[in-house]
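Chemist: There's a structure below that I have some questions on.
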Amino acid sequence: MTVWLPILLPTLIAIVTFVLGEARSHARNAVNLIGAAVSATIVVWLAYGAYGGDVVASTIPLLSGIDFGVHADLTGMLFSTVASVLWFVTLIYAIGYMDHARDRARFFGFFALCIAAANGVALASDPISLFLFYEILTLTTYPLVVHSGTAEARAAGRKYLIYALTGGTALLIGVAWLTVLAGQTPFTPGGALAGVTGQTTALRAIFALMVAGFGVKAALMPLHGWLPGAMVAPAPVSSLLHAVAVVKAGVFGIIRLVNELYGPEFATSLGAAQVLSALAAISIIVASVIALRQDDLKKRLAYSTIAQLSYITLGVALCSPLAAAGALAHLAHHAFMKITMFFTAGSLAETVHVKKLSQMGGVARRMPITMTSFAVAAFALAGIPPLAGFASKWMLGAGAVESGSTWALIVYVAAGALAMGYMVPILFASLRKGDLDATGGLESDPRMLWPIVFVAVVSIVMGLAAGVPGSPAHWAMSAVLPSFGGVMP
Amino acid sequence: MTLVDHLPALLIIAPLAGAAITFVTERSVDRIVAVLTSIIITLFSGMLLYRVASGGAFRYEIGGWGAPIGIDLVADGPAALFLLLTAVVGTAVTIYATAYFPKDCGTSYGHGLFWTLWLFMWTSLNALFLTGDVFNVYVCLELIGISAVALVTLKGDADALRAGARYLFASMLAAMTYLLGVALLYSSTGQLDMEMLRATLTPDSGAATGLALMVAALVLKTALVPAHFWLPTAHASAPTPVSAALSALVVKASYFAILRLMLSVMPPGFIPGAGTLLGILGSMAIIWGSLQAMRQTRIKQWVAYSTVAQIGYLFIVFPLADSGADVLAAALGGVLLHALSHGLAKTALFLGAGSLMDRFGHNEIARMTGAARTLPVLTATVALAGVTMMGLPPSGGFGSKWQLVSASIGAGQWWWALVLGLGGLLAAAYMFRVLAVLLSDTPTEVRPTHAPVRLEWLPLALAVAALFFVFAAPFVDSLAGISTIMLHAGVTP
């Protein structure tokens with residue numbers, strides 16, 4: 001029963017938030033913050049259990065012969081922990097950011113529902129249950145994308161739905177086909193389909209359908225078109241959903257698909273992993289190059305996200321233990337680094353009304369702590385040691401060598417250089433002279449400032465502590481090794 | 001014999017008694033009688049469902065005569081499910097109507113006849129779900145048709161009369177065709193009881209023609225594309241509670257008769273190609289209805305075209321019926337789940353749309369901007385009901401889509417899976433076109449209202465029920481198996 005709580009509790013919070021309505025903002029904030037703290041604690045507790053080898057699972061009957069199942073394994077709990085901890089942090093930020101906004105009940109309610117769905121994606125123990133939460137995530141995100149209700153927001157929401165629902169339909173057909181072929185197949189480290197013989201073509205087609213489904217949220221090119229437009233959403237949404245919960249649900253699906261449904265070995269023997277790695281490599285390079293040319297800060301960050309998500313996809317598709325661990329670690333690392341940047345972008349837009357690089361002059365002087373945090377995250381993302389991004393990229397690169405794909409190492413190195421290329425200009429732009437008025441005091445609302453500092457500090461700590469049990473890198477290693485027939489030494 | 005054994009008869013007598021009482025009582029008493037009647041029917045329907053689920057299907061011989069001399073009622077799994085759906089939707093419609101029709105409506109509008117006509121229609125719906133006799137189906141169809149047409153024209157304005165005339169025409173045409181079919185069938189088999197027909201039916205051109213005519217007539221009553229011409233106007237111009245009942249229940253009644261004829265009475269392949277043809281028409285309905293829904297500018301027309309599209313899904317079971325027991329079981333469970341969840345969600349959508357019209361004072365979708373802020377409960381109703389229309393989890397619509405897609409792939413007829421997938425996307429297109437308007441940032445003024453809160457909360461409750469209906473799927477599946485329909489695939493119920 002406990003294992004359902006990370007899904008049920010945020011749902012309950014959402015319902016309470018809706019019922020409380022627009023006016024009672026103190027009660028709403030209290031319910032959300034306390035609820036999120038409790039939820040994160042439960043998730044961490046489940047994760048601790050999973051670390052000790054105690055994987056809780058639960059199923060209820062859903063359709064004829066099909067169960068609805070969740071389990072708290074290490075892989076899922078890493079994603080769930082990241083989402084739940086960052087939910088709490090983002091709530092503090094969002095309460096500051098949305099202080100004078102309208103429709104806050106709707107905003108916080110759907111925010112909690114998105115977390116419930118993301119936790120569901122993390123916990124789902126088979127493709128059918130995963131699909132269920134994946135589609136719920138699509139639906140619950142839509143009201144947040146169109147939150148402002150402007151024509152631009154509605155157009156972005158429309159585009160998002162076209163991509164996400166089409167992908168979801170591909171996923172549905174893929175999962176249904178798989179179920180007809182092999183029955184309900186729970187995720188199993190190392191894969192569950194190698195025993196299905198004589199269906200090579202069908203299994204390849206199912207793999208393609210499922211990648212098409214997960215690829216939309218993972219913003220795998222050419223399925224990425226919705227993400228830059230969705231940046232029209234309020235900053236907390238861009239930060240938590242479009243850098244963590246929603247997009248990571250896509251790459252998480254790919255991780256489950258390769259490591260625990262097909263299995264790395266079987267996916268390679270089908271040739272599916274190779275095609276996926278090629279797509280991911282193209283995505284990394286193309287998105288990084290596009291990011292170089294963006295003047296709009298959030299758009300630049302969005303293209304960076306597309307590139308970084310494909311880092312993860314490529315790592316999984318390489319099918320080597322080290323690359324797969326690096327991929328999962330990068331899922332967590334990138335979350336903290338990128339949320340720092342999106343928080344910053346939101347603070348700039350809200351406090352000094354700066355949205356473009358060309359307007360950023362004087363920002364570093366006006367908001368020194370914020371921009372220092374941003375710089376930490378930017379260097380971490382570019383892979384400067386000993387920050388978080390370095391640790392995961394090192395694992396990814398070493399994994400590329402381990403799998404004998406030197407070309408992938410070249411892609412990672414080139415992308416690292418490109419990341420420097422699109423991050424450093426932001427820092428330079430903020431250091432330029434500008435005429436920002438500081439009479440109203442430095443920095444932004446403390447509720448927005450301290451979350452930024454916190455996530456930036458975590459980006460440092462995660463890199464320094466990469467070898468310590470419980471850190472994302474170590475955790476990822478323990479989580480993926482069973483898929484390759486090994487256990488953590 | 002205890003009360004439980006008489007439930008099939010009681011389910012027909014109760015609404016009939018209610019109709020008779022409301023015909024003579026004062027208008028202010030009518031509504032109380034109607035609500036009490038609907039509660040009693042719901043209780044009876046629940047008991048019948050329990051009886052069938054625990055004790056299996058049974059026949060009830062009216063007056064103890066027994067077929068072929070008397071008329072038999074059949075209470076099996078699908079019938080019990082449809083009866084309970086009718087009871088739940090019917091109760092909701094009744095309660096909504098108590099707020100919708102003013103207490104002192106005078107002679108100008110609504111005419112106190114609403115309650116009588118509505119309960120009479122309910123009687124004929126229940127009778128149709130229970131009947132085990134093809135001639136009785138004709139009688140029930142006529143009674144449903146007449147009361148439904150009368151209900152559509154209650155408002156008495158030009159629009160309503162035109163829609164009613166069209167509806168009446170379709171209804172009469174269908175009834176005549178059906179009767180002709182029954183005559184042909186009877187002349188070549190000498191049987192009217194469904195079970196006896198199944199036992200004695202042999203390949204014979206007279207019987208095949210008769211059954212084909214009967215199915216064609218029912219298709220017209222179900223408004224399957226291209227026979228849907230009468231539905232959008234009739235469902236859109238009726239008073240809101242009537243629209244809901246028509247879309248959620250009345251089209252399902254004739255569909256239920258098709259299910260019985262195609263899968264219970266006829267052996268596999270009795271009319272060559274009929275299953276495939278119905279599947280193709282169903283696919284056309286899904287696509288055409290959705291495309292039309294996208295183009296509607298008035299909210300009730302929009303909901304009505306959504307019904308045209310959703311009816312299509314129900315017909316995907318027929319081309320899959322001859323591909324083995326597993327496929328048929330999945331497909332049958334799927335369409336039943338669809339009928340039930342669509343019934344709940346469509347009632348929510350129609351009642352919600354009616355309340356939106358009432359609050360905005362007009363029916364144009366484009367001028368309903370900003371309702372998410374001003375009318376959050378009604379907006380939530382439309383959104384949640386929409387999840388079922390799109391067939392997304394965790395709604396019952398998802399469950400049915402999943403089962404039909406699995407059945408299609410399992411039968412090797414993957415093209416239906418593509419149609420189902422496309423249908424979901426088109427449904428999303430027409431749903432979100434309206435939701436985007438409701439969520440937009442320039443609120444239109446809404447009228448203050450003294451309407452009771454049940455006009456808002458009742459539809460929401462139904463939409464929430466539909467939203468989680470997938471969890472009822474195992475139960476629906478098991479009841480689907482308690483039916484002679486499964487004989488089609490060689491399975492003894």
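Ordered as shown in the structure tokens, chains take letters A, B, and onward, while each chain numbers its residues from 1 and ligands are numbered from 1 in the order shown.
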Could you please tell me, as number ranges by chain, which residues of chain A have an atom within 8 Å of chain B when using only C-alpha atoms?
Modeler: A: 61-64, 103, 132-133, 135-136, 143, 146-151, 154, 158, 165-166, 169, 172-173, 176-177, 179-180
Chemist: Residues as selected, C-alpha atoms, written as an mmCIF file, in the first residue's frame, can you do that?
Modeler:
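Now in part23.cif:
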data_model
loop_
_atom_site.group_PDB
_atom_site.id
_atom_site.type_symbol
_atom_site.label_atom_id
_atom_site.label_comp_id
_atom_site.auth_asym_id
_atom_site.auth_seq_id
_atom_site.Cartn_x
_atom_site.Cartn_y
_atom_site.Cartn_z
ATOM 1 C CA PRO A 61 -6.730 -5.970 -11.451
ATOM 2 C CA LEU A 62 -7.437 -3.541 -14.280
ATOM 3 C CA LEU A 63 -8.654 -5.196 -17.466
ATOM 4 C CA SER A 64 -9.262 -8.822 -18.319
ATOM 5 C CA ASP A 103 -5.859 31.160 -11.128
ATOM 6 C CA LEU A 132 -1.451 4.849 -18.209
ATOM 7 C CA PHE A 133 0.543 7.313 -16.151
ATOM 8 C CA GLU A 135 -0.938 9.651 -20.810
ATOM 9 C CA ILE A 136 -2.253 11.123 -17.564
ATOM 10 C CA PRO A 143 -3.638 23.257 -18.335
ATOM 11 C CA VAL A 146 -1.948 27.171 -21.468
ATOM 12 C CA HIS A 147 -2.095 28.682 -17.986
ATOM 13 C CA SER A 148 -1.937 32.316 -19.060
ATOM 14 C CA GLY A 149 -4.751 31.730 -21.555
ATOM 15 C CA THR A 150 -3.216 33.973 -24.206
ATOM 16 C CA ALA A 151 -3.398 33.099 -27.881
ATOM 17 C CA ARG A 154 -3.104 28.218 -26.443
ATOM 18 C CA ARG A 158 -2.260 22.810 -29.089
ATOM 19 C CA LEU A 165 -1.249 12.524 -28.078
ATOM 20 C CA THR A 166 0.014 11.257 -31.424
ATOM 21 C CA THR A 169 -1.381 6.656 -29.717
ATOM 22 C CA LEU A 172 -0.813 2.487 -27.085
ATOM 23 C CA ILE A 173 -0.681 0.428 -30.255
ATOM 24 C CA ALA A 176 -1.214 -3.478 -27.017
ATOM 25 C CA TRP A 177 0.619 -5.321 -29.780
ATOM 26 C CA THR A 179 0.652 -7.638 -24.930
ATOM 27 C CA VAL A 180 -1.065 -9.687 -27.631
#
Chemist: Neighbouring residues of range 412-419 of chain A were defined as those with any atom within 10 Å, considering only C-alpha atoms; residues of the same chain fewer than 6 positions away were excluded. Please report them as a PyMOL selection string.
Modeler: chain A and resi 281+284-289+291-292+304+307-308+311+314-315+378-379+381-384+389-390+393-394+396-397+400+406
Chemist: Which residues, written as a list in words, have at least one atom at most 9 Å from Gly485 in chain A, with only C-alpha atoms counted and residues fewer than 2 positions away on the same chain left out?
Modeler: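 These residues fall inside the cut-off: Pro189, Gly190, Leu481, Pro482, Ser483 and Val487 of chain A.
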Chemist: Residues within 10 Å of range 220-226 of chain A, please, as a PyMOL selection string. Count only C-alpha atoms; anything in the same chain fewer than 6 positions from it doesn't count.
Modeler: chain A and resi 156-164+167+211-214+247+250-251+276+279-284+286-287+302-303+306-307+309-310+313
Chemist: Output N, CA and C atoms of each residue in that selection to a file, as an mmCIF file, in the first residue's frame.
Modeler:
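Printed below is result_32.cif as written:
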data_model
loop_
_atom_site.group_PDB
_atom_site.id
_atom_site.type_symbol
_atom_site.label_atom_id
_atom_site.label_comp_id
_atom_site.auth_asym_id
_atom_site.auth_seq_id
_atom_site.Cartn_x
_atom_site.Cartn_y
_atom_site.Cartn_z
ATOM 1 N N ALA A 156 0.671 27.069 -28.188
ATOM 2 C CA ALA A 156 1.706 26.166 -27.684
ATOM 3 C C ALA A 156 1.071 24.897 -27.116
ATOM 4 N N GLY A 157 -0.043 25.072 -26.394
ATOM 5 C CA GLY A 157 -0.733 23.924 -25.823
ATOM 6 C C GLY A 157 -1.247 22.981 -26.902
ATOM 7 N N ARG A 158 -1.754 23.587 -27.971
ATOM 8 C CA ARG A 158 -2.260 22.810 -29.089
ATOM 9 C C ARG A 158 -1.153 21.970 -29.714
ATOM 10 N N LYS A 159 -0.002 22.623 -29.898
ATOM 11 C CA LYS A 159 1.132 21.935 -30.502
ATOM 12 C C LYS A 159 1.588 20.793 -29.594
ATOM 13 N N TYR A 160 1.638 21.078 -28.309
ATOM 14 C CA TYR A 160 2.048 20.063 -27.342
ATOM 15 C C TYR A 160 1.142 18.840 -27.433
ATOM 16 N N LEU A 161 -0.173 19.109 -27.483
ATOM 17 C CA LEU A 161 -1.114 17.991 -27.523
ATOM 18 C C LEU A 161 -0.975 17.190 -28.805
ATOM 19 N N ILE A 162 -0.802 17.887 -29.921
ATOM 20 C CA ILE A 162 -0.689 17.162 -31.188
ATOM 21 C C ILE A 162 0.495 16.194 -31.119
ATOM 22 N N TYR A 163 1.622 16.689 -30.631
ATOM 23 C CA TYR A 163 2.795 15.821 -30.513
ATOM 24 C C TYR A 163 2.548 14.705 -29.495
ATOM 25 N N ALA A 164 2.120 15.112 -28.295
ATOM 26 C CA ALA A 164 2.067 14.148 -27.193
ATOM 27 C C ALA A 164 0.996 13.094 -27.415
ATOM 28 N N GLY A 167 2.030 10.715 -30.205
ATOM 29 C CA GLY A 167 3.004 9.788 -29.647
ATOM 30 C C GLY A 167 2.339 8.770 -28.730
ATOM 31 N N VAL A 211 9.332 3.824 -28.979
ATOM 32 C CA VAL A 211 10.281 4.949 -29.010
ATOM 33 C C VAL A 211 9.574 6.205 -29.517
ATOM 34 N N ALA A 212 8.694 6.030 -30.497
ATOM 35 C CA ALA A 212 7.946 7.188 -31.003
ATOM 36 C C ALA A 212 7.109 7.794 -29.874
ATOM 37 N N GLY A 213 6.553 6.936 -29.027
ATOM 38 C CA GLY A 213 5.746 7.433 -27.918
ATOM 39 C C GLY A 213 6.582 8.136 -26.865
ATOM 40 N N PHE A 214 7.632 7.464 -26.406
ATOM 41 C CA PHE A 214 8.482 8.066 -25.366
ATOM 42 C C PHE A 214 9.294 9.222 -25.935
ATOM 43 N N VAL A 247 9.735 15.812 -19.286
ATOM 44 C CA VAL A 247 10.719 15.351 -20.264
ATOM 45 C C VAL A 247 11.463 14.116 -19.767
ATOM 46 N N GLY A 250 9.821 10.863 -20.419
ATOM 47 C CA GLY A 250 10.115 10.297 -21.740
ATOM 48 C C GLY A 250 11.394 9.489 -21.736
ATOM 49 N N VAL A 251 12.497 10.082 -21.253
ATOM 50 C CA VAL A 251 13.746 9.320 -21.268
ATOM 51 C C VAL A 251 13.676 8.142 -20.298
ATOM 52 N N LEU A 276 18.446 3.721 -32.459
ATOM 53 C CA LEU A 276 18.124 4.701 -31.417
ATOM 54 C C LEU A 276 19.343 5.567 -31.095
ATOM 55 N N LEU A 279 19.854 8.211 -33.765
ATOM 56 C CA LEU A 279 18.892 9.306 -33.620
ATOM 57 C C LEU A 279 19.298 10.244 -32.490
ATOM 58 N N ALA A 280 19.704 9.640 -31.376
ATOM 59 C CA ALA A 280 20.065 10.443 -30.215
ATOM 60 C C ALA A 280 21.292 11.297 -30.513
ATOM 61 N N ALA A 281 22.282 10.706 -31.202
ATOM 62 C CA ALA A 281 23.506 11.452 -31.507
ATOM 63 C C ALA A 281 23.191 12.656 -32.388
ATOM 64 N N ILE A 282 22.361 12.439 -33.398
ATOM 65 C CA ILE A 282 21.981 13.554 -34.281
ATOM 66 C C ILE A 282 21.280 14.638 -33.470
ATOM 67 N N SER A 283 20.390 14.191 -32.585
ATOM 68 C CA SER A 283 19.643 15.115 -31.731
ATOM 69 C C SER A 283 20.581 15.980 -30.893
ATOM 70 N N ILE A 284 21.594 15.339 -30.308
ATOM 71 C CA ILE A 284 22.526 16.070 -29.432
ATOM 72 C C ILE A 284 23.196 17.198 -30.218
ATOM 73 N N VAL A 286 22.525 18.521 -33.303
ATOM 74 C CA VAL A 286 21.663 19.521 -33.955
ATOM 75 C C VAL A 286 21.078 20.483 -32.916
ATOM 76 N N ALA A 287 20.576 19.925 -31.797
ATOM 77 C CA ALA A 287 19.958 20.790 -30.778
ATOM 78 C C ALA A 287 20.994 21.728 -30.182
ATOM 79 N N ALA A 302 15.850 25.603 -23.498
ATOM 80 C CA ALA A 302 15.031 24.495 -23.990
ATOM 81 C C ALA A 302 15.809 23.647 -24.984
ATOM 82 N N TYR A 303 16.534 24.295 -25.911
ATOM 83 C CA TYR A 303 17.321 23.508 -26.873
ATOM 84 C C TYR A 303 18.447 22.767 -26.169
ATOM 85 N N ILE A 306 16.914 19.705 -24.880
ATOM 86 C CA ILE A 306 16.759 18.682 -25.920
ATOM 87 C C ILE A 306 18.071 17.921 -26.106
ATOM 88 N N ALA A 307 19.179 18.667 -26.146
ATOM 89 C CA ALA A 307 20.482 18.022 -26.328
ATOM 90 C C ALA A 307 20.816 17.125 -25.138
ATOM 91 N N LEU A 309 18.836 15.724 -22.956
ATOM 92 C CA LEU A 309 17.978 14.540 -22.863
ATOM 93 C C LEU A 309 18.500 13.452 -23.785
ATOM 94 N N SER A 310 18.991 13.864 -24.938
ATOM 95 C CA SER A 310 19.512 12.869 -25.861
ATOM 96 C C SER A 310 20.848 12.298 -25.398
ATOM 97 N N THR A 313 19.466 9.411 -23.665
ATOM 98 C CA THR A 313 18.996 8.402 -24.609
ATOM 99 C C THR A 313 20.176 7.682 -25.259
#
Chemist: Hey, what's within 12 Å of Glu260 in chain A if we count only C-alpha atoms and toss same-chain stuff fewer than 2 positions away? As a PyMOL selection string, please?
Modeler: chain A and resi 73+75-76+125-127+185-194+252-258+262-267+316+319+324+479-485
Chemist: In Å, with one decimal, what is the gap from CA of Ala309 in chain B to CA of His228 in chain B?
Modeler: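 Atom-to-atom, CA of Ala309 in chain B and CA of His228 in chain B are spaced 10.0 Å apart.
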Chemist: Do you know which residues are at most 9 Å from range 70-81 of chain B counting only C-alpha atoms, after dropping those on the same chain fewer than 6 positions away, and could you put them as number ranges by chain?
Modeler: B: 8-9, 45-46, 48-50, 52-53, 56-64, 126-127, 129-133, 136, 193, 256, 336, 340, 476, 478-484
Chemist: With N, CA and C atoms retained, export the selected residues as a tab-separated table (two decimals), in the first residue's frame.
Modeler:
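Result file follows (again26.tsv):
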chain	number	residue	atom	x	y	z
B	8	PRO	N	-37.34	-8.79	-13.30
B	8	PRO	CA	-37.51	-8.34	-14.69
B	8	PRO	C	-38.86	-7.66	-14.90
B	9	ALA	N	-39.91	-8.25	-14.35
B	9	ALA	CA	-41.23	-7.63	-14.51
B	9	ALA	C	-41.32	-6.32	-13.75
B	45	SER	N	-32.58	-2.36	-10.28
B	45	SER	CA	-31.54	-2.68	-11.27
B	45	SER	C	-30.29	-3.21	-10.60
B	46	GLY	N	-29.95	-2.60	-9.46
B	46	GLY	CA	-28.80	-3.09	-8.71
B	46	GLY	C	-29.00	-4.51	-8.24
B	48	LEU	N	-30.97	-6.75	-9.58
B	48	LEU	CA	-30.95	-7.66	-10.73
B	48	LEU	C	-29.51	-7.95	-11.14
B	49	LEU	N	-28.69	-6.90	-11.15
B	49	LEU	CA	-27.28	-7.08	-11.52
B	49	LEU	C	-26.62	-8.06	-10.57
B	50	TYR	N	-26.91	-7.91	-9.29
B	50	TYR	CA	-26.32	-8.79	-8.30
B	50	TYR	C	-26.79	-10.24	-8.53
B	52	VAL	N	-27.84	-11.60	-11.31
B	52	VAL	CA	-27.25	-12.18	-12.52
B	52	VAL	C	-25.78	-12.49	-12.29
B	53	ALA	N	-25.09	-11.58	-11.61
B	53	ALA	CA	-23.66	-11.78	-11.39
B	53	ALA	C	-23.41	-13.00	-10.51
B	56	GLY	N	-26.23	-16.18	-12.35
B	56	GLY	CA	-26.29	-16.44	-13.78
B	56	GLY	C	-27.54	-15.87	-14.43
B	57	ALA	N	-27.60	-16.00	-15.77
B	57	ALA	CA	-28.72	-15.47	-16.53
B	57	ALA	C	-29.97	-16.30	-16.26
B	58	PHE	N	-31.13	-15.67	-16.37
B	58	PHE	CA	-32.37	-16.44	-16.21
B	58	PHE	C	-33.48	-15.87	-17.10
B	59	ARG	N	-34.44	-16.73	-17.37
B	59	ARG	CA	-35.60	-16.30	-18.17
B	59	ARG	C	-36.79	-16.10	-17.25
B	60	TYR	N	-37.62	-15.16	-17.61
B	60	TYR	CA	-38.81	-14.87	-16.81
B	60	TYR	C	-40.01	-15.00	-17.73
B	61	GLU	N	-40.90	-15.94	-17.39
B	61	GLU	CA	-42.05	-16.15	-18.25
B	61	GLU	C	-43.19	-15.29	-17.76
B	62	ILE	N	-43.58	-14.32	-18.57
B	62	ILE	CA	-44.65	-13.42	-18.16
B	62	ILE	C	-45.95	-14.20	-18.03
B	63	GLY	N	-46.56	-14.12	-16.86
B	63	GLY	CA	-47.82	-14.82	-16.61
B	63	GLY	C	-47.64	-16.32	-16.54
B	64	GLY	N	-46.40	-16.79	-16.58
B	64	GLY	CA	-46.16	-18.22	-16.47
B	64	GLY	C	-46.50	-18.99	-17.72
B	126	ASN	N	-36.37	-0.10	-20.58
B	126	ASN	CA	-36.17	-1.28	-19.74
B	126	ASN	C	-36.74	-2.53	-20.41
B	127	ALA	N	-37.91	-2.38	-21.01
B	127	ALA	CA	-38.54	-3.52	-21.66
B	127	ALA	C	-37.68	-4.02	-22.81
B	129	PHE	N	-34.42	-3.79	-23.14
B	129	PHE	CA	-33.21	-4.48	-22.68
B	129	PHE	C	-33.54	-5.89	-22.20
B	130	LEU	N	-34.76	-6.08	-21.74
B	130	LEU	CA	-35.11	-7.37	-21.14
B	130	LEU	C	-35.74	-8.35	-22.12
B	131	THR	N	-36.22	-7.85	-23.24
B	131	THR	CA	-37.02	-8.72	-24.08
B	131	THR	C	-36.18	-9.80	-24.75
B	132	GLY	N	-36.80	-10.96	-24.91
B	132	GLY	CA	-36.12	-12.07	-25.57
B	132	GLY	C	-36.86	-12.47	-26.83
B	133	ASP	N	-37.56	-11.53	-27.43
B	133	ASP	CA	-38.48	-11.86	-28.49
B	133	ASP	C	-38.36	-10.78	-29.57
B	136	ASN	N	-41.29	-8.31	-29.89
B	136	ASN	CA	-41.35	-7.38	-28.77
B	136	ASN	C	-40.37	-6.22	-28.95
B	193	ASP	N	-39.20	-16.05	-30.77
B	193	ASP	CA	-38.35	-16.05	-29.59
B	193	ASP	C	-36.89	-16.20	-30.01
B	256	PHE	N	-28.32	-2.24	-28.65
B	256	PHE	CA	-28.41	-3.48	-27.87
B	256	PHE	C	-29.16	-4.56	-28.66
B	336	LEU	N	-19.11	-3.09	-24.43
B	336	LEU	CA	-20.00	-2.86	-23.28
B	336	LEU	C	-19.43	-1.77	-22.38
B	340	LEU	N	-21.20	1.84	-21.55
B	340	LEU	CA	-21.46	2.31	-20.19
B	340	LEU	C	-20.74	3.61	-19.89
B	476	VAL	N	-17.28	-5.76	-15.63
B	476	VAL	CA	-18.03	-5.71	-16.89
B	476	VAL	C	-17.68	-6.93	-17.74
B	478	SER	N	-16.71	-9.86	-16.74
B	478	SER	CA	-17.28	-11.10	-16.24
B	478	SER	C	-18.78	-11.15	-16.55
B	479	LEU	N	-19.45	-9.99	-16.50
B	479	LEU	CA	-20.88	-9.99	-16.82
B	479	LEU	C	-21.11	-10.20	-18.32
B	480	ALA	N	-20.19	-9.69	-19.13
B	480	ALA	CA	-20.32	-9.89	-20.58
B	480	ALA	C	-20.34	-11.38	-20.90
B	481	GLY	N	-19.62	-12.16	-20.06
B	481	GLY	CA	-19.57	-13.59	-20.31
B	481	GLY	C	-20.86	-14.31	-19.95
B	482	ILE	N	-21.72	-13.69	-19.11
B	482	ILE	CA	-22.97	-14.33	-18.70
B	482	ILE	C	-24.02	-14.01	-19.76
B	483	SER	N	-23.84	-14.54	-20.95
B	483	SER	CA	-24.73	-14.16	-22.03
B	483	SER	C	-24.64	-15.18	-23.15
B	484	THR	N	-25.77	-15.32	-23.84
B	484	THR	CA	-25.78	-16.23	-24.98
B	484	THR	C	-24.95	-15.68	-26.13
Chemist: Could you give me, as a ChimeraX atom specification, the residues within 12 Å of Ala34 in chain B, counting only C-alpha atoms and dropping anything in the same chain fewer than 4 positions from it?
Modeler: /B:14-23,25,27-30,38-41,90-98,112-120,122
Chemist: Can you list, as a PyMOL selection string, every residue of range 46-272 of chain B that DSSP puts in strand (DSSP E or B)?
Modeler: chain B and resi 58-61+72-75+131+133+193
Chemist: Please write the residues from the selection above to a file, keeping N, CA and C atoms, as a compact mmCIF listing (two decimals), in the first residue's frame.
Modeler:
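Resulting contents of out-v3.txt:
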# COMPACT_ATOMS: atom_id res chain seq x y z
N PHE B 58 -31.13 -15.67 -16.37
CA PHE B 58 -32.37 -16.44 -16.21
C PHE B 58 -33.48 -15.87 -17.10
N ARG B 59 -34.44 -16.73 -17.37
CA ARG B 59 -35.60 -16.30 -18.17
C ARG B 59 -36.79 -16.10 -17.25
N TYR B 60 -37.62 -15.16 -17.61
CA TYR B 60 -38.81 -14.87 -16.81
C TYR B 60 -40.01 -15.00 -17.73
N GLU B 61 -40.90 -15.94 -17.39
CA GLU B 61 -42.05 -16.15 -18.25
C GLU B 61 -43.19 -15.29 -17.76
N ASP B 72 -41.33 -14.20 -23.18
CA ASP B 72 -40.32 -14.36 -22.14
C ASP B 72 -39.42 -13.14 -22.05
N LEU B 73 -39.06 -12.81 -20.80
CA LEU B 73 -38.04 -11.79 -20.60
C LEU B 73 -36.72 -12.51 -20.31
N VAL B 74 -35.62 -11.93 -20.77
CA VAL B 74 -34.32 -12.53 -20.55
C VAL B 74 -33.44 -11.57 -19.76
N ALA B 75 -32.98 -12.03 -18.61
CA ALA B 75 -32.06 -11.20 -17.82
C ALA B 75 -30.69 -11.85 -17.85
N THR B 131 -36.22 -7.85 -23.24
CA THR B 131 -37.02 -8.72 -24.08
C THR B 131 -36.18 -9.80 -24.75
N ASP B 133 -37.56 -11.53 -27.43
CA ASP B 133 -38.48 -11.86 -28.49
C ASP B 133 -38.36 -10.78 -29.57
N ASP B 193 -39.20 -16.05 -30.77
CA ASP B 193 -38.35 -16.05 -29.59
C ASP B 193 -36.89 -16.20 -30.01
Chemist: Going by DSSP on the backbone, which bits of range 79-289 of chain B are helix (DSSP H, G or I)? Write them as a VMD selection string, please.
Modeler: chain B and resid 79 to 100 113 to 130 134 to 155 158 to 189 194 to 200 205 to 222 231 to 237 240 to 265 274 to 289
Chemist: With the cut-off set at 7 Å and counting only C-alpha atoms, tabulate each residue of range 324-360 of chain B with an atom at most that distance from an atom of range 444-466 of chain B, showing the nearest atom pair and its distance in Å to one decimal, ordered by chain and increasing number, as a Markdown table.
Modeler:
| residue | atom | partner | partner_atom | distance |
| --- | --- | --- | --- | --- |
| B:Ser341 | CA | B:Ala466 | CA | 5.2 |
| B:Leu344 | CA | B:Leu462 | CA | 5.7 |
| B:Ala345 | CA | B:Ala463 | CA | 5.2 |
| B:Ala348 | CA | B:Pro459 | CA | 4.2 |
| B:Leu351 | CA | B:Pro459 | CA | 5.9 |
| B:Gly352 | CA | B:Pro459 | CA | 5.8 |
| B:Ser355 | CA | B:Leu455 | CA | 6.5 |
| B:Arg359 | CA | B:Arg447 | CA | 5.3 |
| B:Phe360 | CA | B:Val446 | CA | 5.0 |
Chemist: What is the distance, in Å and to one decimal place, between CA of Leu231 in chain B and CA of Gly164 in chain B?
Modeler: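 Rounded to one decimal, the two atoms are 10.1 Å apart.
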Chemist: Between CA of Ala331 in chain B and CA of Val182 in chain B, what is the spacing in Å?
Modeler: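 Straight-line distance from CA of Val182 in chain B to CA of Ala331 in chain B works out to 27.9 Å.
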